[in-house]
$ cat model_36.txt   # compact mmCIF, C-alpha atoms
# COMPACT_ATOMS: atom_id res chain seq x y z
CA MET A 1 6.47 -2.73 17.10
CA SER A 2 5.85 -4.62 13.90
CA ALA A 3 5.31 -1.65 11.57
CA ALA A 4 7.11 1.56 11.70
CA ARG A 5 -33.11 19.25 -0.66
CA GLN A 6 -34.48 20.90 -3.32
CA ARG A 7 -33.44 24.42 -2.18
CA PRO A 8 -31.24 24.45 0.94
CA TYR A 9 -30.99 20.71 0.86
CA ARG A 10 -29.09 21.19 -2.34
CA ARG A 11 -26.47 22.71 -0.11
CA LEU A 12 -26.72 19.87 2.40
CA THR A 13 -26.65 17.26 -0.34
CA SER A 14 -23.52 18.70 -1.93
CA THR A 15 -21.79 18.40 1.41
CA ALA A 16 -22.87 14.79 1.68
CA VAL A 17 -21.47 14.08 -1.79
CA ALA A 18 -18.10 15.46 -0.77
CA LEU A 19 -18.11 13.32 2.34
CA VAL A 20 -19.04 10.12 0.57
CA GLY A 21 -16.24 10.80 -1.85
CA ALA A 22 -13.82 10.68 1.04
CA GLY A 23 -15.44 7.51 2.33
CA ALA A 24 -15.20 5.88 -1.07
CA LEU A 25 -11.49 6.57 -1.14
CA ILE A 26 -11.05 4.21 1.78
CA ALA A 27 -12.65 1.35 -0.08
CA GLY A 28 -11.08 2.26 -3.40
CA CYS A 29 -7.52 2.89 -2.30
CA THR A 30 -6.77 0.33 0.38
CA SER A 31 -8.09 -2.95 -0.97
CA ASN A 32 -5.57 -5.77 -0.76
CA THR A 33 -7.57 -7.88 -3.22
CA PRO A 34 -8.61 -6.47 -6.60
CA GLU A 35 -11.30 -9.11 -7.11
CA GLU A 36 -14.86 -8.60 -5.84
CA SER A 37 -15.23 -9.10 -2.10
CA SER A 38 -18.44 -10.59 -0.73
CA GLY A 39 -17.61 -9.91 2.90
CA GLY A 40 -19.12 -7.29 5.15
CA GLY A 41 -16.03 -5.11 5.08
CA GLY A 42 -17.15 -3.08 2.07
CA GLY A 43 -14.98 -2.33 -0.92
CA GLY A 44 -14.39 -4.91 -3.58
CA GLY A 45 -13.92 -4.67 -7.32
CA ASN A 46 -11.69 -1.60 -7.02
CA ALA A 47 -8.57 -0.76 -8.96
CA ALA A 48 -5.29 -1.68 -7.34
CA SER A 49 -2.86 0.93 -6.01
CA SER A 50 0.53 0.92 -4.31
CA ASN A 51 -1.35 0.52 -1.04
CA ASP A 52 -2.33 -2.99 -2.16
CA GLU A 53 1.19 -4.25 -1.75
CA THR A 54 1.79 -6.31 1.38
CA GLY A 55 3.86 -4.39 3.87
CA ASP A 56 5.17 -4.87 7.37
CA THR A 57 2.82 -6.76 9.66
CA VAL A 58 0.45 -4.46 11.52
CA ARG A 59 -0.91 -5.65 14.85
CA ILE A 60 -4.30 -4.02 15.47
CA GLY A 61 -6.38 -4.17 18.65
CA PHE A 62 -10.14 -3.75 18.20
CA SER A 63 -12.74 -3.06 20.88
CA ALA A 64 -16.46 -2.30 20.56
CA PRO A 65 -19.60 -2.56 22.68
CA ALA A 66 -21.49 -5.81 23.06
CA ALA A 67 -23.24 -7.09 19.94
CA ASP A 68 -26.70 -6.82 21.49
CA HIS A 69 -28.08 -5.00 18.45
CA GLY A 70 -27.98 -6.05 14.82
CA TRP A 71 -26.06 -2.96 13.74
CA MET A 72 -23.42 -3.45 16.42
CA ALA A 73 -23.01 -7.12 15.56
CA GLY A 74 -22.52 -6.03 11.97
CA ILE A 75 -19.80 -3.59 13.05
CA THR A 76 -17.60 -6.30 14.54
CA GLU A 77 -18.30 -8.79 11.76
CA ALA A 78 -17.32 -6.25 9.12
CA ALA A 79 -14.14 -5.34 11.02
CA ARG A 80 -13.07 -8.99 11.08
CA ALA A 81 -13.85 -9.37 7.38
CA ALA A 82 -11.77 -6.30 6.51
CA ALA A 83 -8.77 -7.63 8.42
CA GLU A 84 -9.02 -11.00 6.68
CA GLU A 85 -8.50 -9.28 3.33
CA TYR A 86 -4.91 -8.39 4.27
CA GLU A 87 -1.99 -10.73 4.75
CA ASP A 88 -0.18 -8.05 6.73
CA ILE A 89 -2.83 -7.50 9.43
CA GLU A 90 -2.93 -9.38 12.72
CA LEU A 91 -6.21 -8.44 14.40
CA THR A 92 -7.00 -8.98 18.06
CA VAL A 93 -10.70 -8.53 18.83
CA ALA A 94 -11.62 -7.90 22.45
CA GLU A 95 -14.90 -9.32 23.70
CA GLY A 96 -17.69 -6.83 23.15
CA THR A 97 -18.74 -5.11 26.35
CA ASN A 98 -21.08 -2.39 27.57
CA ASP A 99 -19.08 -2.01 30.76
CA VAL A 100 -16.89 1.06 30.57
CA GLY A 101 -14.36 -0.26 33.08
CA THR A 102 -13.94 -3.48 31.13
CA GLN A 103 -13.45 -1.63 27.86
CA ILE A 104 -10.85 0.63 29.45
CA SER A 105 -9.00 -2.48 30.65
CA GLN A 106 -9.09 -3.90 27.12
CA VAL A 107 -7.44 -0.81 25.71
CA GLU A 108 -4.85 -0.86 28.50
CA THR A 109 -4.04 -4.44 27.54
CA PHE A 110 -3.55 -3.38 23.93
CA ILE A 111 -1.17 -0.66 25.09
CA ASN A 112 0.81 -3.07 27.27
CA ASP A 113 1.00 -5.56 24.40
CA GLY A 114 2.50 -2.89 22.18
CA VAL A 115 0.07 -3.17 19.29
CA ASP A 116 0.72 -0.99 16.27
CA ALA A 117 -2.75 0.60 16.20
CA ILE A 118 -6.06 0.52 18.07
CA VAL A 119 -9.49 0.75 16.44
CA LEU A 120 -11.98 1.74 19.12
CA LEU A 121 -15.74 2.14 19.06
CA PRO A 122 -16.28 3.30 22.65
CA PHE A 123 -19.38 2.47 24.62
CA ASP A 124 -19.03 5.99 26.00
CA GLY A 125 -16.75 8.35 24.10
CA ALA A 126 -16.07 10.68 27.03
CA ALA A 127 -15.30 7.83 29.43
CA LEU A 128 -12.85 6.19 27.01
CA THR A 129 -11.05 9.44 26.18
CA PRO A 130 -8.38 9.22 28.92
CA VAL A 131 -7.23 5.72 27.98
CA ALA A 132 -7.23 6.65 24.30
CA LEU A 133 -5.00 9.58 25.21
CA GLN A 134 -2.70 7.12 26.99
CA ALA A 135 -2.42 5.07 23.84
CA MET A 136 -1.66 8.10 21.71
CA GLU A 137 0.95 9.27 24.21
CA ALA A 138 2.52 5.81 23.98
CA GLY A 139 2.89 6.27 20.25
CA ILE A 140 0.01 3.99 19.30
CA PRO A 141 -2.36 5.59 16.76
CA VAL A 142 -6.02 5.31 17.75
CA ILE A 143 -8.82 5.19 15.18
CA ASN A 144 -12.01 6.48 16.84
CA VAL A 145 -15.17 4.94 15.36
CA ASP A 146 -18.76 6.27 15.52
CA ARG A 147 -18.89 7.67 19.06
CA GLU A 148 -16.45 10.54 19.38
CA PHE A 149 -13.95 11.15 22.14
CA ASN A 150 -14.14 14.53 23.86
CA SER A 151 -10.54 15.46 23.10
CA PRO A 152 -9.07 15.99 19.62
CA PHE A 153 -5.80 14.57 20.91
CA ALA A 154 -7.27 11.14 21.72
CA ALA A 155 -7.33 9.87 18.14
CA ARG A 156 -5.13 10.01 15.06
CA ALA A 157 -8.20 9.59 12.86
CA THR A 158 -11.96 9.50 13.41
CA ILE A 159 -14.50 7.81 11.16
CA LEU A 160 -18.17 8.61 11.61
CA GLY A 161 -21.62 8.02 10.25
CA ASP A 162 -23.70 11.10 9.46
CA ASN A 163 -26.62 11.25 11.90
CA TYR A 164 -27.78 14.71 10.84
CA GLY A 165 -27.42 13.58 7.23
CA MET A 166 -29.63 10.57 7.92
CA GLY A 167 -32.41 12.92 8.96
CA VAL A 168 -31.84 15.10 5.89
CA SER A 169 -31.96 12.06 3.60
CA ALA A 170 -35.15 10.73 5.21
CA GLY A 171 -36.84 14.12 5.14
CA THR A 172 -35.82 14.78 1.55
CA TYR A 173 -37.21 11.42 0.43
CA ILE A 174 -40.51 12.06 2.23
CA CYS A 175 -40.73 15.51 0.63
CA GLU A 176 -40.35 13.79 -2.76
CA GLN A 177 -43.14 11.35 -1.92
CA VAL A 178 -45.77 13.56 -0.22
CA GLY A 179 -44.43 17.11 -0.43
CA ASP A 180 -47.04 18.14 -2.98
CA ASN A 181 -49.65 17.74 -0.23
CA PRO A 182 -49.32 20.70 2.17
CA ASN A 183 -51.54 18.89 4.67
CA ALA A 184 -49.55 15.66 4.70
CA VAL A 185 -49.30 14.13 8.16
CA VAL A 186 -45.73 13.15 9.01
CA ALA A 187 -44.82 10.89 11.94
CA GLU A 188 -41.48 10.01 13.47
CA ILE A 189 -40.33 7.14 15.65
CA ALA A 190 -37.00 8.13 17.13
CA GLY A 191 -34.46 6.11 19.05
CA ILE A 192 -33.30 7.06 22.53
CA ASP A 193 -34.09 10.77 22.88
CA SER A 194 -31.31 11.49 25.37
CA LEU A 195 -28.60 10.53 22.86
CA PRO A 196 -26.99 13.26 20.75
CA LEU A 197 -27.20 10.99 17.70
CA THR A 198 -31.01 10.84 18.02
CA GLN A 199 -31.18 14.60 18.45
CA ASP A 200 -29.03 15.09 15.34
CA ARG A 201 -31.20 12.73 13.29
CA SER A 202 -34.40 14.49 14.36
CA GLN A 203 -32.93 17.92 13.63
CA GLY A 204 -31.86 16.91 10.14
CA PHE A 205 -35.29 15.42 9.52
CA ALA A 206 -37.07 18.58 10.68
CA ASP A 207 -34.78 20.81 8.61
CA ALA A 208 -35.35 18.82 5.42
CA LEU A 209 -39.13 18.64 5.92
CA GLY A 210 -39.21 22.38 6.46
CA GLU A 211 -37.87 22.95 2.97
CA CYS A 212 -41.05 21.49 1.42
CA GLY A 213 -43.38 23.10 3.97
CA LEU A 214 -43.91 20.02 6.12
CA SER A 215 -43.23 19.29 9.77
CA VAL A 216 -43.44 16.39 12.19
CA ASP A 217 -47.03 16.07 13.43
CA ASN A 218 -46.69 12.98 15.62
CA ARG A 219 -43.50 11.84 17.31
CA VAL A 220 -42.60 9.07 19.77
CA ALA A 221 -39.29 7.66 20.94
CA ALA A 222 -38.30 4.01 21.28
CA ASP A 223 -35.03 2.42 22.41
CA PHE A 224 -33.46 0.66 19.41
CA THR A 225 -35.00 -2.69 20.42
CA VAL A 226 -37.70 -4.75 18.70
CA GLU A 227 -39.90 -4.63 21.79
CA GLY A 228 -39.43 -0.90 22.24
CA GLY A 229 -40.18 -0.27 18.58
CA GLU A 230 -43.39 -2.27 18.69
CA GLU A 231 -44.64 -0.51 21.84
CA ALA A 232 -43.79 2.97 20.57
CA ALA A 233 -45.37 2.31 17.18
CA ALA A 234 -48.54 0.92 18.75
CA ASN A 235 -48.90 4.10 20.82
CA LEU A 236 -48.26 6.28 17.77
CA LEU A 237 -50.77 4.47 15.58
CA GLN A 238 -53.44 4.75 18.24
CA ALA A 239 -52.82 8.48 18.63
CA ALA A 240 -52.68 9.19 14.88
CA PRO A 241 -55.64 7.77 12.91
CA GLN A 242 -54.21 9.12 9.64
CA ILE A 243 -50.56 9.23 8.61
CA ASP A 244 -49.08 10.00 5.20
CA ALA A 245 -45.40 9.38 5.90
CA LEU A 246 -43.42 7.83 8.74
CA TRP A 247 -39.71 7.81 9.50
CA ASN A 248 -38.40 5.19 11.90
CA HIS A 249 -34.82 5.96 12.94
CA ASP A 250 -33.58 2.40 13.34
CA ASP A 251 -34.18 -0.81 11.39
CA ASP A 252 -33.61 -3.07 14.40
CA GLN A 253 -36.46 -1.43 16.30
CA GLY A 254 -38.18 -1.31 12.92
CA VAL A 255 -38.88 -5.05 13.18
CA GLY A 256 -41.19 -4.21 16.08
CA VAL A 257 -42.56 -1.14 14.30
CA LEU A 258 -43.60 -3.23 11.30
CA ALA A 259 -45.21 -5.80 13.60
CA ALA A 260 -47.30 -3.07 15.25
CA ILE A 261 -48.32 -1.69 11.84
CA GLN A 262 -49.42 -5.14 10.70
CA ASN A 263 -51.32 -5.75 13.94
CA ALA A 264 -53.12 -2.43 13.51
CA GLY A 265 -53.99 -3.18 9.88
CA ARG A 266 -52.53 0.12 8.70
CA ASP A 267 -51.12 0.64 5.22
CA GLU A 268 -52.09 4.16 4.17
CA PHE A 269 -48.62 5.68 4.53
CA VAL A 270 -45.11 5.43 3.16
CA MET A 271 -42.49 4.38 5.71
CA VAL A 272 -38.78 5.06 5.70
CA GLY A 273 -36.34 3.15 7.88
CA GLY A 274 -32.88 3.87 9.18
CA ALA A 275 -29.46 2.14 9.42
CA GLY A 276 -29.87 -0.21 6.46
CA SER A 277 -30.52 -3.74 7.69
CA ALA A 278 -30.93 -6.68 5.34
CA ASN A 279 -34.35 -7.31 6.88
CA ALA A 280 -35.49 -3.84 5.91
CA MET A 281 -34.08 -4.20 2.42
CA ARG A 282 -35.93 -7.47 1.87
CA GLU A 283 -39.16 -5.68 2.86
CA ILE A 284 -38.36 -2.98 0.31
CA GLU A 285 -37.56 -5.59 -2.36
CA SER A 286 -40.86 -7.38 -1.77
CA GLY A 287 -42.97 -4.42 -2.90
CA ASP A 288 -45.67 -5.58 -0.47
CA SER A 289 -44.71 -3.45 2.52
CA VAL A 290 -45.35 0.08 3.75
CA LEU A 291 -41.57 0.21 4.15
CA GLN A 292 -40.40 1.70 0.86
CA ALA A 293 -36.96 3.04 1.75
CA THR A 294 -34.27 3.01 4.40
CA VAL A 295 -31.39 5.39 5.05
CA ILE A 296 -27.93 3.89 5.48
CA TYR A 297 -25.96 4.41 8.68
CA PRO A 298 -22.87 2.42 7.70
CA HIS A 299 -22.08 -0.62 9.83
CA THR A 300 -18.80 -0.69 7.90
CA GLN A 301 -17.31 2.16 9.94
CA ALA A 302 -15.03 -0.15 11.93
CA ALA A 303 -14.01 -2.01 8.76
CA ASP A 304 -12.93 1.33 7.31
CA GLY A 305 -11.19 1.98 10.63
CA ILE A 306 -9.20 -1.23 10.21
CA ARG A 307 -8.09 -0.14 6.76
CA LEU A 308 -7.12 3.32 8.01
CA ALA A 309 -5.16 1.80 10.90
CA ARG A 310 -3.15 -0.30 8.43
CA LEU A 311 -2.34 2.71 6.28
CA ILE A 312 -1.31 4.86 9.22
CA ALA A 313 0.85 2.16 10.81
CA GLN A 314 2.61 1.54 7.50
CA GLY A 315 3.13 5.23 6.84
CA LYS A 316 0.82 5.25 3.82
CA SER A 317 -1.96 7.60 2.73
CA LEU A 318 -5.15 7.41 0.68
CA SER A 319 -3.64 7.03 -2.76
CA ASP A 320 -6.26 9.11 -4.60
CA LEU A 321 -5.52 12.14 -2.41
CA VAL A 322 -2.64 14.53 -3.09
CA SER A 323 -2.05 14.94 0.65
CA PRO A 324 0.54 12.44 1.96
CA GLU A 325 -1.38 11.88 5.21
CA VAL A 326 -4.55 9.99 6.10
CA PRO A 327 -7.27 12.56 6.93
CA ARG A 328 -8.02 13.20 10.59
CA GLN A 329 -11.77 12.79 10.10
CA ILE A 330 -13.98 11.05 7.56
CA VAL A 331 -17.79 11.28 7.65
CA LEU A 332 -19.58 8.61 5.64
CA ASN A 333 -22.61 9.37 3.51
CA ALA A 334 -26.25 8.50 4.38
CA PRO A 335 -27.78 7.34 1.07
CA VAL A 336 -31.42 6.34 0.63
CA VAL A 337 -32.05 2.73 -0.40
CA THR A 338 -35.22 2.11 -2.44
CA ALA A 339 -36.52 -0.66 -4.69
CA GLU A 340 -34.60 0.99 -7.55
CA ASN A 341 -31.15 0.62 -5.97
CA VAL A 342 -31.52 -2.00 -3.22
CA ASP A 343 -29.46 -4.50 -5.21
CA GLN A 344 -26.43 -2.23 -4.73
CA TYR A 345 -26.63 -2.48 -0.94
CA ILE A 346 -28.36 -5.65 0.22
CA ASP A 347 -25.37 -8.01 -0.10
CA ARG A 348 -23.43 -5.92 2.41
CA ALA A 349 -26.28 -5.20 4.80
CA PHE A 350 -26.36 -6.44 8.39
CA GLU A 351 -29.06 -8.71 9.82
CA SER A 352 -31.39 -7.29 12.47

$ encode --input "model_36.txt" --output "structure tokens"
Amino acid sequence: MSAARQRPYRRLTSTAVALVGAGALIAGCTSNTPEESSGGGGGGGNAASSNDETGDTVRIGFSAPAADHGWMAGITEAARAAAEEYEDIELTVAEGTNDVGTQISQVETFINDGVDAIVLLPFDGAALTPVALQAMEAGIPVINVDREFNSPFAARATILGDNYGMGVSAGTYICEQVGDNPNAVVAEIAGIDSLPLTQDRSQGFADALGECGLSVDNRVAADFTVEGGEEAAANLLQAAPQIDALWNHDDDQGVGVLAAIQNAGRDEFVMVGGAGSANAMREIESGDSVLQATVIYPHTQAADGIRLARLIAQGKSLSDLVSPEVPRQIVLNAPVVTAENVDQYIDRAFES
């Protein structure tokens, strides 16, 4: 190989702060270029550390689902951009696929090629667990991104977005906007209800709303697509003649949600999005939209995975930590983007 809430959501928020601190360490302690980076890989403008020094070449294999969704396309783009920041990374990107068998074959190819690390966002975490275990048993560290394996032995490190935290952030923001009205009508447009990530987001949302005496009055589910978002929103708007606040889980389906809102001529409520697309942020910037905020679900997870893979393969750690090892799990924060801070996020946002 080449390289050897106001009350309880105070409690929830403090946890999120600790987690984002860990996430920030990735960007702040692994950058190979001290100057500002404009790419989608995050980081940029951070102080140099010993980790910045070029080391042995690290061959990394990367596999993710098909880029049939703006967020997923952003994942792969950001991973490529992160690798390009380092002279000592050779990145092989497998063609995105939603076929489990094909993705398993891709990982098997990485194993046979003897790569130094694998960064894997599985289409199905459980289905990809056995081949990830094979890689680990072959001495190849696996970085599990976003969708978790069902064995703790299948990955050296796991980097995740915070789905429950997204719901908490959205609910907390809505409490700040309409919480002084005990009769406020709150609506929710979820993603795919059968997915654990959707269930986690809805639970966090309900928990945060509960802290200001609100609850979800009208709820529908879509499917993360523009068409699905428009259909679900049209049904919701017909069923709910008055809404005070709306959370839409996903900014890609949010394109359709906003179209349905415009078609219905509705503008009496505040809307919050989810994931953090550039489209959504431009709506927020405009000041002419019901969409006033969106909650980040970082599309930079795989980019951070690339950086972690480099550190692990080169025997390095996060330089701002006392521990000499890269953490086994990092959960990224779910901040709220509004007109007041959108300039901090829009340049790194993905396109829906």

$ closest_atom_pairs --input "model_36.txt" --of "region 270-304 of chain A" --to "region 240-256 of chain A" --cutoff "12 Å" --atoms "only C-alpha atoms" --output "tab-separated table"
residue	atom	partner	partner_atom	distance
A:Val270	CA	A:Ala245	CA	4.8
A:Met271	CA	A:Leu246	CA	4.7
A:Val272	CA	A:Trp247	CA	4.8
A:Gly273	CA	A:Asn248	CA	5.0
A:Gly274	CA	A:Asp250	CA	4.5
A:Ala275	CA	A:Asp250	CA	5.7
A:Gly276	CA	A:Asp251	CA	6.6
A:Ser277	CA	A:Asp251	CA	6.0
A:Ala278	CA	A:Asp251	CA	9.0
A:Asn279	CA	A:Asp251	CA	7.9
A:Ala280	CA	A:Asp251	CA	6.4
A:Met281	CA	A:Asp251	CA	9.6
A:Arg282	CA	A:Asp251	CA	11.7
A:Glu283	CA	A:Val255	CA	10.3
A:Val290	CA	A:Leu246	CA	9.4
A:Leu291	CA	A:Leu246	CA	9.1
A:Gln292	CA	A:Leu246	CA	10.4
A:Ala293	CA	A:Trp247	CA	9.5
A:Thr294	CA	A:Asp251	CA	8.0
A:Val295	CA	A:His249	CA	8.6
A:Ile296	CA	A:Asp250	CA	9.8
A:Tyr297	CA	A:Asp250	CA	9.2

$ residues_around --input "model_36.txt" --residues "Thr97 (chain A)" --least-positions-apart "3" --cutoff "9 Å" --atoms "all atoms listed in the file" --output "PyMOL selection string"
chain A and resi 63-67+94+100+102-103+123

$ closest_residue --input "model_36.txt" --among "A:Gly305, A:Gly171, A:Pro335, A:Pro327" --to "Ala78 (chain A)" --atoms "all atoms listed in the file"
A:Gly305

$ closest_residue --input "model_36.txt" --among "A:Ser169, A:Ala313, A:Glu231, A:Glu285" --to "Ile346 (chain A)" --atoms "all atoms listed in the file"
A:Glu285

$ closest_residue --input "model_36.txt" --among "A:Leu332, A:Leu91, A:Ala117, A:Val342" --to "Asp162 (chain A)" --atoms "only C-alpha atoms"
A:Leu332

$ closest_residue --input "model_36.txt" --among "A:Glu325, A:Ile284, A:Glu188, A:Pro196" --to "Leu237 (chain A)" --atoms "all atoms listed in the file"
A:Glu188

$ closest_residue --input "model_36.txt" --among "A:Ala154, A:Leu321, A:Ala302, A:Ala334" --to "Arg80 (chain A)" --atoms "all atoms listed in the file"
A:Ala302

$ closest_residue --input "model_36.txt" --among "A:Ala206, A:Ala264, A:Val93, A:Ala339" --to "Tyr164 (chain A)" --atoms "all atoms listed in the file"
A:Ala206

$ residues_around --input "model_36.txt" --residues "Val131 (chain A)" --least-positions-apart "5" --cutoff "12 Å" --atoms "only C-alpha atoms" --output "VMD selection string"
chain A and resid 100 to 112 118 120 122 124 to 126 136 to 138 140 142 149 to 151 153 to 155

$ write_last_selection --input "model_36.txt" --atoms "C-alpha atoms" --output "CSV table (one decimal), in the frame of the given file"
chain,number,residue,atom,x,y,z
A,100,VAL,CA,-16.9,1.1,30.6
A,101,GLY,CA,-14.4,-0.3,33.1
A,102,THR,CA,-13.9,-3.5,31.1
A,103,GLN,CA,-13.4,-1.6,27.9
A,104,ILE,CA,-10.8,0.6,29.4
A,105,SER,CA,-9.0,-2.5,30.6
A,106,GLN,CA,-9.1,-3.9,27.1
A,107,VAL,CA,-7.4,-0.8,25.7
A,108,GLU,CA,-4.8,-0.9,28.5
A,109,THR,CA,-4.0,-4.4,27.5
A,110,PHE,CA,-3.6,-3.4,23.9
A,111,ILE,CA,-1.2,-0.7,25.1
A,112,ASN,CA,0.8,-3.1,27.3
A,118,ILE,CA,-6.1,0.5,18.1
A,120,LEU,CA,-12.0,1.7,19.1
A,122,PRO,CA,-16.3,3.3,22.6
A,124,ASP,CA,-19.0,6.0,26.0
A,125,GLY,CA,-16.8,8.4,24.1
A,126,ALA,CA,-16.1,10.7,27.0
A,136,MET,CA,-1.7,8.1,21.7
A,137,GLU,CA,1.0,9.3,24.2
A,138,ALA,CA,2.5,5.8,24.0
A,140,ILE,CA,0.0,4.0,19.3
A,142,VAL,CA,-6.0,5.3,17.8
A,149,PHE,CA,-14.0,11.2,22.1
A,150,ASN,CA,-14.1,14.5,23.9
A,151,SER,CA,-10.5,15.5,23.1
A,153,PHE,CA,-5.8,14.6,20.9
A,154,ALA,CA,-7.3,11.1,21.7
A,155,ALA,CA,-7.3,9.9,18.1

$ residues_near_point --input "model_36.txt" --point "(-47.5, 2.6, 16.6)" --cutoff "10 Å" --atoms "only C-alpha atoms" --output "PyMOL selection string"
chain A and resi 187+189+220+229-240+256-264+266

$ atom_distance --input "model_36.txt" --atom1 "CA of Ala82 (chain A)" --atom2 "CA of Asp113 (chain A)"
22.0 Å

$ atom_distance --input "model_36.txt" --atom1 "CA of Gln199 (chain A)" --atom2 "CA of Gly167 (chain A)"
9.7 Å

$ atom_distance --input "model_36.txt" --atom1 "CA of Met166 (chain A)" --atom2 "CA of Asp193 (chain A)"
15.6 Å

$ residues_near_point --input "model_36.txt" --point "(-28.8, -7.7, 20.2)" --cutoff "12 Å" --atoms "all atoms listed in the file" --output "PyMOL selection string"
chain A and resi 65-74+96+98+224-227+252-253+351-352

$ residues_around --input "model_36.txt" --residues "Ile192 (chain A)" --least-positions-apart "6" --cutoff "7 Å" --atoms "all atoms listed in the file" --output "list in words"
Thr198, Ala221, Ala222 and Asp223 of chain A
